[in-house]
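Shown next: structure09.tsv, containing TSV, C-alpha atoms and all ligand atoms.
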chain	number	residue	atom	x	y	z
A	2	MET	CA	-113.74	-66.24	52.89
A	3	GLN	CA	-114.45	-64.37	49.67
A	4	ILE	CA	-112.35	-61.74	48.01
A	5	PRO	CA	-113.46	-60.40	44.63
A	6	GLY	CA	-111.27	-61.51	41.72
A	7	ARG	CA	-109.55	-64.27	43.70
A	8	GLN	CA	-109.84	-68.03	43.52
A	9	ILE	CA	-110.06	-68.97	47.18
A	10	HIS	CA	-110.28	-72.59	48.28
A	11	TRP	CA	-111.30	-72.47	51.94
A	12	PHE	CA	-111.40	-75.48	54.23
A	13	GLU	CA	-112.84	-75.84	57.71
A	14	SER	CA	-110.04	-78.26	58.48
A	15	ILE	CA	-107.08	-79.52	56.47
A	16	ASP	CA	-103.76	-81.22	57.24
A	17	SER	CA	-101.68	-78.40	55.70
A	18	THR	CA	-102.67	-75.79	53.13
A	19	MET	CA	-99.23	-76.34	51.53
A	20	HIS	CA	-100.20	-79.76	50.16
A	21	GLU	CA	-103.47	-78.61	48.60
A	22	ALA	CA	-101.82	-75.53	47.09
A	23	ALA	CA	-99.07	-77.68	45.54
A	24	ARG	CA	-101.73	-79.99	44.11
A	25	LEU	CA	-103.61	-77.04	42.59
A	26	ALA	CA	-100.37	-75.58	41.22
A	27	SER	CA	-99.53	-78.81	39.43
A	28	ALA	CA	-103.09	-78.88	38.04
A	29	GLY	CA	-102.38	-75.45	36.48
A	30	CYS	CA	-104.34	-73.08	38.77
A	31	PRO	CA	-103.92	-69.34	38.10
A	32	SER	CA	-101.37	-67.20	39.91
A	33	GLY	CA	-102.83	-65.71	43.07
A	34	THR	CA	-104.93	-68.78	43.91
A	35	VAL	CA	-105.35	-69.04	47.68
A	36	VAL	CA	-105.80	-72.14	49.82
A	37	GLY	CA	-106.84	-71.35	53.38
A	38	ALA	CA	-108.21	-73.14	56.39
A	39	ASP	CA	-109.78	-72.33	59.74
A	40	ARG	CA	-107.72	-75.13	61.22
A	41	GLN	CA	-104.69	-77.18	60.23
A	42	THR	CA	-104.11	-80.58	61.80
A	43	ALA	CA	-100.49	-80.80	60.61
A	44	GLY	CA	-99.38	-77.20	59.92
A	45	ILE	CA	-95.81	-77.11	58.63
A	46	GLY	CA	-93.23	-74.66	59.96
A	47	ARG	CA	-89.68	-74.00	58.83
A	48	GLN	CA	-86.78	-76.30	59.69
A	49	GLY	CA	-88.95	-79.32	60.40
A	50	ARG	CA	-91.06	-77.56	63.00
A	51	SER	CA	-94.86	-77.65	63.16
A	52	TRP	CA	-97.07	-74.56	63.02
A	53	HIS	CA	-99.61	-74.12	65.81
A	54	SER	CA	-102.97	-73.47	64.11
A	55	GLU	CA	-105.65	-72.64	66.70
A	56	THR	CA	-109.10	-72.95	65.11
A	57	ALA	CA	-110.33	-69.73	63.47
A	58	ALA	CA	-107.92	-67.59	65.49
A	59	GLY	CA	-105.22	-67.08	62.89
A	60	LEU	CA	-104.80	-66.97	59.14
A	61	TYR	CA	-103.36	-70.16	57.67
A	62	VAL	CA	-103.01	-69.71	53.93
A	63	SER	CA	-100.91	-70.80	50.99
A	64	VAL	CA	-100.81	-68.63	47.90
A	65	VAL	CA	-99.77	-69.97	44.50
A	66	LEU	CA	-97.56	-67.40	42.77
A	67	ARG	CA	-96.41	-67.64	39.19
A	68	LEU	CA	-93.70	-64.98	39.13
A	69	GLU	CA	-91.48	-63.76	36.31
A	70	SER	CA	-88.49	-64.13	38.59
A	71	ALA	CA	-88.80	-66.47	41.54
A	72	ALA	CA	-85.22	-65.96	42.75
A	73	MET	CA	-84.70	-66.81	46.39
A	74	PRO	CA	-84.20	-65.22	48.78
A	75	SER	CA	-85.71	-62.02	47.37
A	76	VAL	CA	-89.14	-63.69	47.07
A	77	MET	CA	-88.91	-64.66	50.74
A	78	LEU	CA	-88.00	-61.09	51.68
A	79	ALA	CA	-90.88	-59.72	49.57
A	80	LEU	CA	-93.36	-61.98	51.34
A	81	GLY	CA	-92.19	-60.83	54.77
A	82	LEU	CA	-92.44	-57.21	53.67
A	83	ALA	CA	-95.95	-57.85	52.33
A	84	VAL	CA	-97.23	-59.40	55.55
A	85	SER	CA	-95.65	-56.63	57.60
A	86	ARG	CA	-97.15	-53.90	55.39
A	87	ALA	CA	-100.60	-55.50	55.55
A	88	ILE	CA	-100.44	-55.63	59.35
A	89	THR	CA	-99.54	-51.94	59.48
A	90	ARG	CA	-102.27	-50.96	57.01
A	91	VAL	CA	-104.99	-52.76	58.93
A	92	THR	CA	-103.91	-52.39	62.56
A	93	GLY	CA	-101.36	-49.56	62.68
A	94	LEU	CA	-98.89	-51.94	64.40
A	95	LYS	CA	-95.31	-51.67	63.11
A	96	PRO	CA	-93.67	-55.09	62.87
A	97	ASP	CA	-89.96	-55.81	62.63
A	98	LEU	CA	-88.59	-58.38	60.17
A	99	ARG	CA	-86.05	-61.06	61.00
A	100	TRP	CA	-84.19	-62.45	58.01
A	101	PRO	CA	-85.44	-64.01	55.86
A	102	ASN	CA	-89.07	-63.29	56.73
A	103	ASP	CA	-90.20	-63.77	60.31
A	104	VAL	CA	-92.62	-61.01	61.22
A	105	LEU	CA	-92.05	-59.86	64.80
A	106	ILE	CA	-94.02	-57.58	67.04
A	107	SER	CA	-92.51	-56.57	70.40
A	108	GLY	CA	-89.70	-59.02	69.61
A	109	LYS	CA	-92.10	-61.98	69.35
A	110	LYS	CA	-93.14	-63.85	66.24
A	111	ALA	CA	-96.57	-62.85	64.89
A	112	ALA	CA	-96.25	-64.49	61.48
A	113	GLY	CA	-94.10	-67.14	59.85
A	114	ILE	CA	-93.68	-67.70	56.15
A	115	LEU	CA	-92.55	-70.61	53.97
A	116	ALA	CA	-91.81	-70.46	50.26
A	117	ASP	CA	-91.68	-73.77	48.38
A	118	LEU	CA	-91.13	-74.24	44.66
A	119	SER	CA	-93.58	-76.61	43.00
A	120	ASP	CA	-94.04	-77.19	39.26
A	121	GLY	CA	-92.56	-73.78	38.45
A	122	ALA	CA	-94.77	-71.94	40.93
A	123	VAL	CA	-93.89	-70.49	44.32
A	124	ILE	CA	-96.16	-71.76	47.09
A	125	ALA	CA	-96.12	-69.06	49.74
A	126	GLY	CA	-97.31	-70.46	53.05
A	127	ILE	CA	-98.25	-67.84	55.60
A	128	GLY	CA	-99.28	-68.34	59.19
A	129	LEU	CA	-100.39	-65.13	60.88
A	130	ASN	CA	-101.53	-65.03	64.49
A	131	VAL	CA	-104.53	-62.71	64.45
A	132	ASN	CA	-107.02	-63.19	67.28
A	133	GLN	CA	-105.30	-65.56	69.69
A	134	THR	CA	-105.76	-64.23	73.22
A	135	GLU	CA	-102.82	-66.24	74.48
A	136	MET	CA	-100.23	-68.48	72.92
A	137	PRO	CA	-99.65	-72.05	74.12
A	138	GLY	CA	-97.17	-72.62	76.95
A	139	ASP	CA	-94.23	-73.82	74.88
A	140	ILE	CA	-94.24	-70.75	72.62
A	141	ARG	CA	-95.73	-68.17	75.01
A	142	ASP	CA	-92.46	-66.27	75.36
A	143	LEU	CA	-91.68	-66.48	71.65
A	144	ALA	CA	-94.93	-65.80	69.81
A	145	THR	CA	-97.66	-63.18	69.83
A	146	SER	CA	-100.83	-62.20	67.95
A	147	LEU	CA	-102.27	-58.98	66.55
A	148	ARG	CA	-104.92	-59.10	69.26
A	149	ILE	CA	-102.43	-59.55	72.10
A	150	GLU	CA	-100.40	-56.60	70.76
A	151	SER	CA	-103.29	-54.25	69.99
A	152	GLY	CA	-105.80	-55.24	72.66
A	153	ARG	CA	-108.61	-55.78	70.15
A	154	GLU	CA	-110.00	-58.35	67.77
A	155	TRP	CA	-109.45	-58.08	64.00
A	156	ASP	CA	-111.54	-59.20	61.02
A	157	ARG	CA	-109.47	-62.01	59.48
A	158	GLU	CA	-111.03	-61.47	56.06
A	159	ARG	CA	-109.91	-57.84	56.06
A	160	VAL	CA	-106.39	-58.81	57.10
A	161	LEU	CA	-106.30	-61.48	54.37
A	162	ALA	CA	-107.45	-59.04	51.68
A	163	ALA	CA	-104.77	-56.53	52.73
A	164	MET	CA	-102.15	-59.29	52.75
A	165	LEU	CA	-103.02	-60.50	49.24
A	166	ASP	CA	-102.88	-56.94	47.87
A	167	ALA	CA	-99.52	-56.40	49.55
A	168	ILE	CA	-98.17	-59.72	48.20
A	169	ASP	CA	-99.07	-58.59	44.66
A	170	GLU	CA	-97.33	-55.25	45.24
A	171	GLU	CA	-94.17	-56.55	46.88
A	172	THR	CA	-93.56	-59.53	44.59
A	173	SER	CA	-93.85	-57.34	41.50
A	174	ARG	CA	-90.84	-55.21	42.56
A	175	ASP	CA	-87.34	-56.01	41.33
A	176	ALA	CA	-84.84	-57.74	43.61
A	177	HIS	CA	-82.82	-54.55	44.16
A	178	SER	CA	-85.78	-52.62	45.52
A	179	ILE	CA	-86.99	-55.58	47.60
A	180	VAL	CA	-83.57	-55.91	49.24
A	181	ALA	CA	-83.42	-52.14	49.89
A	182	ALA	CA	-86.93	-52.15	51.39
A	183	PHE	CA	-86.07	-55.12	53.61
A	184	ARG	CA	-82.91	-53.44	54.88
A	185	ALA	CA	-84.93	-50.38	55.78
A	186	ALA	CA	-87.67	-52.37	57.52
A	187	SER	CA	-85.57	-54.86	59.51
A	188	THR	CA	-83.54	-54.20	62.64
A	189	TYR	CA	-81.90	-57.56	61.95
A	190	ALA	CA	-80.26	-56.47	58.71
A	191	GLU	CA	-77.39	-54.58	60.31
A	192	GLY	CA	-75.61	-54.43	63.65
A	193	LYS	CA	-77.46	-57.24	65.43
A	194	HIS	CA	-75.53	-59.87	67.39
A	195	VAL	CA	-76.99	-63.17	66.17
A	196	ILE	CA	-76.54	-66.90	66.05
A	197	VAL	CA	-77.32	-68.89	62.92
A	198	ASP	CA	-77.97	-72.59	63.37
A	199	ARG	CA	-76.75	-74.29	60.21
A	200	PRO	CA	-76.60	-78.04	59.62
A	201	GLU	CA	-72.85	-77.95	59.10
A	202	GLN	CA	-71.80	-75.41	61.72
A	203	ARG	CA	-73.22	-72.84	64.11
A	204	LEU	CA	-72.32	-69.28	63.20
A	205	GLU	CA	-72.13	-66.31	65.55
A	206	GLY	CA	-71.52	-62.70	64.62
A	207	ILE	CA	-72.88	-59.24	63.89
A	208	THR	CA	-75.23	-58.78	60.94
A	209	ALA	CA	-73.61	-56.67	58.21
A	210	GLY	CA	-76.33	-55.97	55.66
A	211	LEU	CA	-77.56	-58.03	52.74
A	212	ASP	CA	-75.80	-58.89	49.51
A	213	PRO	CA	-77.45	-57.81	46.21
A	214	ASP	CA	-79.38	-61.10	46.01
A	215	GLY	CA	-80.77	-60.65	49.53
A	216	PHE	CA	-78.58	-63.11	51.44
A	217	LEU	CA	-77.69	-62.02	54.96
A	218	LEU	CA	-74.08	-61.09	55.68
A	219	ILE	CA	-72.55	-61.74	59.07
A	220	ARG	CA	-69.23	-60.46	60.36
A	221	THR	CA	-67.62	-63.01	62.66
A	222	LYS	CA	-65.34	-62.35	65.64
A	223	ASP	CA	-62.28	-63.30	63.59
A	224	GLY	CA	-63.11	-60.69	60.95
A	225	ARG	CA	-64.57	-62.94	58.24
A	226	THR	CA	-67.79	-62.00	56.43
A	227	GLU	CA	-70.06	-65.01	55.96
A	228	ARG	CA	-73.06	-65.19	53.65
A	229	VAL	CA	-76.06	-66.92	55.20
A	230	VAL	CA	-78.02	-68.89	52.63
A	231	SER	CA	-80.22	-70.88	55.00
A	232	GLY	CA	-80.73	-71.61	58.65
A	233	GLY	CA	-82.57	-69.95	61.49
A	234	VAL	CA	-81.28	-66.59	62.63
A	235	ARG	CA	-81.82	-65.75	66.27
A	236	PRO	CA	-80.60	-62.99	68.54
A	237	LEU	CA	-77.78	-63.91	70.88
A	238	GLU	CA	-80.00	-63.15	73.86
A	239	PRO	CA	-82.85	-65.76	73.88
A	240	GLN	CA	-86.06	-64.48	72.24
A	241	CYS	CA	-88.00	-66.05	69.36
A	242	SER	CA	-87.34	-69.50	67.90
A	301	LIG	C1	-92.30	-70.70	60.03
A	301	LIG	O1	-91.97	-71.71	60.65
A	301	LIG	O2	-91.91	-69.59	60.39
A	301	LIG	C2	-93.20	-70.79	58.83
A	301	LIG	C3	-94.60	-71.13	59.23
A	301	LIG	C4	-95.56	-71.20	58.07
A	301	LIG	C5	-96.94	-71.64	58.51
A	301	LIG	C6	-97.94	-71.57	57.39
A	301	LIG	S1	-99.61	-71.75	57.97
A	301	LIG	C7	-100.16	-71.87	56.34
A	301	LIG	C8	-99.16	-72.72	55.60
A	301	LIG	N1	-99.50	-74.13	55.78
A	301	LIG	C9	-98.60	-74.77	56.50
A	301	LIG	O3	-98.66	-75.97	56.82
A	301	LIG	N2	-97.59	-73.94	56.83
A	301	LIG	C10	-97.79	-72.62	56.31

Structure translated into structure tokens:
Amino acid sequence: MQIPGRQIHWFESIDSTMHEAARLASAGCPSGTVVGADRQTAGIGRQGRSWHSETAAGLYVSVVLRLESAAMPSVMLALGLAVSRAITRVTGLKPDLRWPNDVLISGKKAAGILADLSDGAVIAGIGLNVNQTEMPGDIRDLATSLRIESGREWDRERVLAAMLDAIDEETSRDAHSIVAAFRAASTYAEGKHVIVDRPEQRLEGITAGLDPDGFLLIRTKDGRTERVVSGGVRPLEPQCS
């Protein structure tokens, strides 16, 4: 893959693009450097899960970002917004966002995003299902691809270029405008009955917006408002993992 003005390190096969991006970040690579692969043998997902990386079907990339403010969770929200915007620009599809940054189409996950901090840089790891014609059995009901949703194949290079542009745009906004944009783009931000699996305790309630930093607020049955700082949010009715 080649995109003018970008350092792109592309691999036919790699364990995880996250490791190579962290290595480049600690070696002082410029902001915006991209590590991508046609295939990952040990793709990393959130919460200890793996990321299914079918050869040359999806985009598996990690982007090194040296940001003025790398405050979480607004960076996470900005990355989700960026991937969603890029999908719309290229395909016309209109994804939903599930806090903090799962990109959903028709209620199924089309892209997942990690954000690690390494040597002062954010390593944004993005897995986007582009041209898969079907998803493997264990995630068939939970995951989808741009091709499954649109009925046609997409040029991965074009999607990547749109995504990198959108990442630059979204991560250069201030936290206030990122949080406002996320609220407007996500059906999960308000009024959704959800469960949050947290290490200490499972939480159930109705989403009640985001606080100014971008943490999700949940109103519980007993009238408390809880701030979610981590953990997987899922709808009460079973859908995506
Ligand atoms: C999630 O579980 O929702 C996050 C998935 C992130 C997957 C991407 S694929 C590119 C990068 N390399 C990895 O090993 N993981 C991230």

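You will find atom CA of A:Trp11 at 20.0 Å from atom CA of A:Gln133.
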
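Of the listed residues (A:Gln3, A:Thr188, A:Thr56, A:Thr221), A:Thr188 comes nearest to A:Gly108; the distances count only C-alpha atoms.
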
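Note that the spacing between atom CA of A:Leu98 and atom CA of A:Ile4 amounts to 26.9 Å.
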
Task: Distance criterion (all atoms listed in the file): nearest to ligand LIG 301 (chain A) out of A:Met136, A:Ile179, A:Met77, A:Ala186 - done: A:Met77

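One finds atom CA of A:Val230 at 14.0 Å from atom CA of A:Arg99.
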
Might I get the box with edges along x, y and z of the file that holds all atoms of stretch 154-165 of chain A listed there, padded by 3 Å on every side, given as centre and edge lengths in Å to one decimal, as lines of an AutoDock Vina configuration file?
center_x = -106.8
center_y = -59.3
center_z = 58.5
size_x = 15.4
size_y = 11.5
size_z = 24.5

10 Å shell around ligand LIG 301 (chain A) using all atoms listed in the file, listed as a PDB file with C-alpha atoms, in the coordinates of the input:
ATOM      1  CA  ILE A  15    -107.080 -79.520  56.470  1.00  0.00           C
ATOM      2  CA  ASP A  16    -103.760 -81.220  57.240  1.00  0.00           C
ATOM      3  CA  SER A  17    -101.680 -78.400  55.700  1.00  0.00           C
ATOM      4  CA  THR A  18    -102.670 -75.790  53.130  1.00  0.00           C
ATOM      5  CA  MET A  19     -99.230 -76.340  51.530  1.00  0.00           C
ATOM      6  CA  HIS A  20    -100.200 -79.760  50.160  1.00  0.00           C
ATOM      7  CA  GLU A  21    -103.470 -78.610  48.600  1.00  0.00           C
ATOM      8  CA  ALA A  22    -101.820 -75.530  47.090  1.00  0.00           C
ATOM      9  CA  VAL A  36    -105.800 -72.140  49.820  1.00  0.00           C
ATOM     10  CA  GLY A  37    -106.840 -71.350  53.380  1.00  0.00           C
ATOM     11  CA  ALA A  38    -108.210 -73.140  56.390  1.00  0.00           C
ATOM     12  CA  ARG A  40    -107.720 -75.130  61.220  1.00  0.00           C
ATOM     13  CA  GLN A  41    -104.690 -77.180  60.230  1.00  0.00           C
ATOM     14  CA  THR A  42    -104.110 -80.580  61.800  1.00  0.00           C
ATOM     15  CA  ALA A  43    -100.490 -80.800  60.610  1.00  0.00           C
ATOM     16  CA  GLY A  44     -99.380 -77.200  59.920  1.00  0.00           C
ATOM     17  CA  ILE A  45     -95.810 -77.110  58.630  1.00  0.00           C
ATOM     18  CA  GLY A  46     -93.230 -74.660  59.960  1.00  0.00           C
ATOM     19  CA  ARG A  47     -89.680 -74.000  58.830  1.00  0.00           C
ATOM     20  CA  GLN A  48     -86.780 -76.300  59.690  1.00  0.00           C
ATOM     21  CA  GLY A  49     -88.950 -79.320  60.400  1.00  0.00           C
ATOM     22  CA  ARG A  50     -91.060 -77.560  63.000  1.00  0.00           C
ATOM     23  CA  SER A  51     -94.860 -77.650  63.160  1.00  0.00           C
ATOM     24  CA  TRP A  52     -97.070 -74.560  63.020  1.00  0.00           C
ATOM     25  CA  HIS A  53     -99.610 -74.120  65.810  1.00  0.00           C
ATOM     26  CA  SER A  54    -102.970 -73.470  64.110  1.00  0.00           C
ATOM     27  CA  GLY A  59    -105.220 -67.080  62.890  1.00  0.00           C
ATOM     28  CA  LEU A  60    -104.800 -66.970  59.140  1.00  0.00           C
ATOM     29  CA  TYR A  61    -103.360 -70.160  57.670  1.00  0.00           C
ATOM     30  CA  VAL A  62    -103.010 -69.710  53.930  1.00  0.00           C
ATOM     31  CA  SER A  63    -100.910 -70.800  50.990  1.00  0.00           C
ATOM     32  CA  VAL A  64    -100.810 -68.630  47.900  1.00  0.00           C
ATOM     33  CA  PRO A 101     -85.440 -64.010  55.860  1.00  0.00           C
ATOM     34  CA  ASN A 102     -89.070 -63.290  56.730  1.00  0.00           C
ATOM     35  CA  ASP A 103     -90.200 -63.770  60.310  1.00  0.00           C
ATOM     36  CA  VAL A 104     -92.620 -61.010  61.220  1.00  0.00           C
ATOM     37  CA  LYS A 110     -93.140 -63.850  66.240  1.00  0.00           C
ATOM     38  CA  ALA A 111     -96.570 -62.850  64.890  1.00  0.00           C
ATOM     39  CA  ALA A 112     -96.250 -64.490  61.480  1.00  0.00           C
ATOM     40  CA  GLY A 113     -94.100 -67.140  59.850  1.00  0.00           C
ATOM     41  CA  ILE A 114     -93.680 -67.700  56.150  1.00  0.00           C
ATOM     42  CA  LEU A 115     -92.550 -70.610  53.970  1.00  0.00           C
ATOM     43  CA  ALA A 116     -91.810 -70.460  50.260  1.00  0.00           C
ATOM     44  CA  ILE A 124     -96.160 -71.760  47.090  1.00  0.00           C
ATOM     45  CA  ALA A 125     -96.120 -69.060  49.740  1.00  0.00           C
ATOM     46  CA  GLY A 126     -97.310 -70.460  53.050  1.00  0.00           C
ATOM     47  CA  ILE A 127     -98.250 -67.840  55.600  1.00  0.00           C
ATOM     48  CA  GLY A 128     -99.280 -68.340  59.190  1.00  0.00           C
ATOM     49  CA  LEU A 129    -100.390 -65.130  60.880  1.00  0.00           C
ATOM     50  CA  ASN A 130    -101.530 -65.030  64.490  1.00  0.00           C
ATOM     51  CA  GLY A 233     -82.570 -69.950  61.490  1.00  0.00           C
ATOM     52  CA  SER A 242     -87.340 -69.500  67.900  1.00  0.00           C
TER      53      SER A 242
END

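Residue nearest A:Trp100 within the list A:Gly224, A:Gly215, A:Gly192, A:Pro31: A:Gly215 [criterion: smallest interatomic distance, all atoms listed in the file].
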
TODO: Within 8 Å of stretch 162-171 of chain A, counting all atoms listed in the file, which residues show up once you throw out same-chain ones fewer than 6 positions away? Write them as a PyMOL selection string, please.
DONE: chain A and resi 4+79-80+82-84+86-88+90-91+179

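When only C-alpha atoms are used to compute distances to A:Asp97, the closest of the residues A:Ser85, A:Arg174, A:Arg203, A:Leu25 turns out to be A:Ser85.
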
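Each of A:Phe12, A:Glu135, A:Val123, A:Asp117 was checked against A:Val65 using only C-alpha atoms; the smallest atom-to-atom distance is that of A:Val123.
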
Open item on the list: I'd like the contact shell of A:Gly232 - 8 Å cut-off, all atoms listed in the file, skipping same-chain residues fewer than 2 positions apart - returned as number ranges by chain.
Closed with: A: 48, 197-200, 229-230, 234

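Minimum distance to A:Pro213 across A:His177, A:Arg67, A:Arg7, A:Arg24 (counting all atoms listed in the file) occurs at A:His177.
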
Open item on the list: Set the distance at 10 Å and use only C-alpha atoms: which residues neighbour A:Ala71 once local chain neighbours fewer than 4 positions away are removed? I'd like the list as a ChimeraX atom specification.
Closed with: /A:66-67,75-77,118,121-123,172,176

Would you kindly place all heavy atoms on stretch 103-112 of chain A and return the model as a CSV table (one decimal), in the coordinates of the input?
chain,number,residue,atom,x,y,z
A,103,ASP,N,-89.4,-63.7,59.1
A,103,ASP,CA,-90.2,-63.8,60.3
A,103,ASP,C,-90.7,-62.4,60.6
A,103,ASP,O,-90.0,-61.4,60.6
A,103,ASP,CB,-89.4,-64.3,61.5
A,103,ASP,CG,-89.1,-65.7,61.5
A,103,ASP,OD1,-89.8,-66.5,60.8
A,103,ASP,OD2,-88.1,-66.2,62.1
A,104,VAL,N,-92.0,-62.3,60.9
A,104,VAL,CA,-92.6,-61.0,61.2
A,104,VAL,C,-92.8,-60.9,62.7
A,104,VAL,O,-93.5,-61.7,63.3
A,104,VAL,CB,-94.0,-60.9,60.5
A,104,VAL,CG1,-94.6,-59.5,60.8
A,104,VAL,CG2,-93.8,-61.1,59.0
A,105,LEU,N,-92.1,-60.0,63.3
A,105,LEU,CA,-92.0,-59.9,64.8
A,105,LEU,C,-92.8,-58.6,65.3
A,105,LEU,O,-92.7,-57.6,64.6
A,105,LEU,CB,-90.6,-59.8,65.3
A,105,LEU,CG,-89.6,-60.8,64.8
A,105,LEU,CD1,-88.2,-60.4,65.3
A,105,LEU,CD2,-90.0,-62.2,65.2
A,106,ILE,N,-93.5,-58.8,66.4
A,106,ILE,CA,-94.0,-57.6,67.0
A,106,ILE,C,-93.6,-57.7,68.5
A,106,ILE,O,-93.7,-58.7,69.1
A,106,ILE,CB,-95.6,-57.5,66.9
A,106,ILE,CG1,-96.0,-57.6,65.5
A,106,ILE,CG2,-96.1,-56.2,67.5
A,106,ILE,CD1,-97.5,-57.6,65.2
A,107,SER,N,-93.1,-56.6,69.0
A,107,SER,CA,-92.5,-56.6,70.4
A,107,SER,C,-91.5,-57.7,70.6
A,107,SER,O,-91.4,-58.3,71.6
A,107,SER,CB,-93.6,-56.7,71.5
A,107,SER,OG,-94.6,-55.8,71.3
A,108,GLY,N,-90.7,-58.0,69.5
A,108,GLY,CA,-89.7,-59.0,69.6
A,108,GLY,C,-90.2,-60.4,69.5
A,108,GLY,O,-89.4,-61.4,69.6
A,109,LYS,N,-91.5,-60.6,69.4
A,109,LYS,CA,-92.1,-62.0,69.4
A,109,LYS,C,-92.7,-62.2,68.0
A,109,LYS,O,-93.1,-61.3,67.3
A,109,LYS,CB,-93.2,-62.1,70.4
A,109,LYS,CG,-92.7,-62.0,71.8
A,109,LYS,CD,-93.9,-62.3,72.7
A,109,LYS,CE,-93.5,-62.2,74.2
A,109,LYS,NZ,-94.6,-62.6,75.1
A,110,LYS,N,-92.7,-63.5,67.6
A,110,LYS,CA,-93.1,-63.8,66.2
A,110,LYS,C,-94.7,-63.8,66.1
A,110,LYS,O,-95.4,-64.5,66.8
A,110,LYS,CB,-92.6,-65.3,65.9
A,110,LYS,CG,-92.8,-65.7,64.5
A,110,LYS,CD,-91.7,-66.7,64.2
A,110,LYS,CE,-92.1,-67.6,63.0
A,110,LYS,NZ,-91.0,-68.5,62.6
A,111,ALA,N,-95.1,-63.0,65.2
A,111,ALA,CA,-96.6,-62.8,64.9
A,111,ALA,C,-96.9,-63.6,63.6
A,111,ALA,O,-98.1,-64.0,63.4
A,111,ALA,CB,-97.0,-61.4,64.8
A,112,ALA,N,-96.0,-63.8,62.7
A,112,ALA,CA,-96.2,-64.5,61.5
A,112,ALA,C,-95.0,-65.2,61.0
A,112,ALA,O,-93.9,-64.7,61.2
A,112,ALA,CB,-96.7,-63.5,60.4
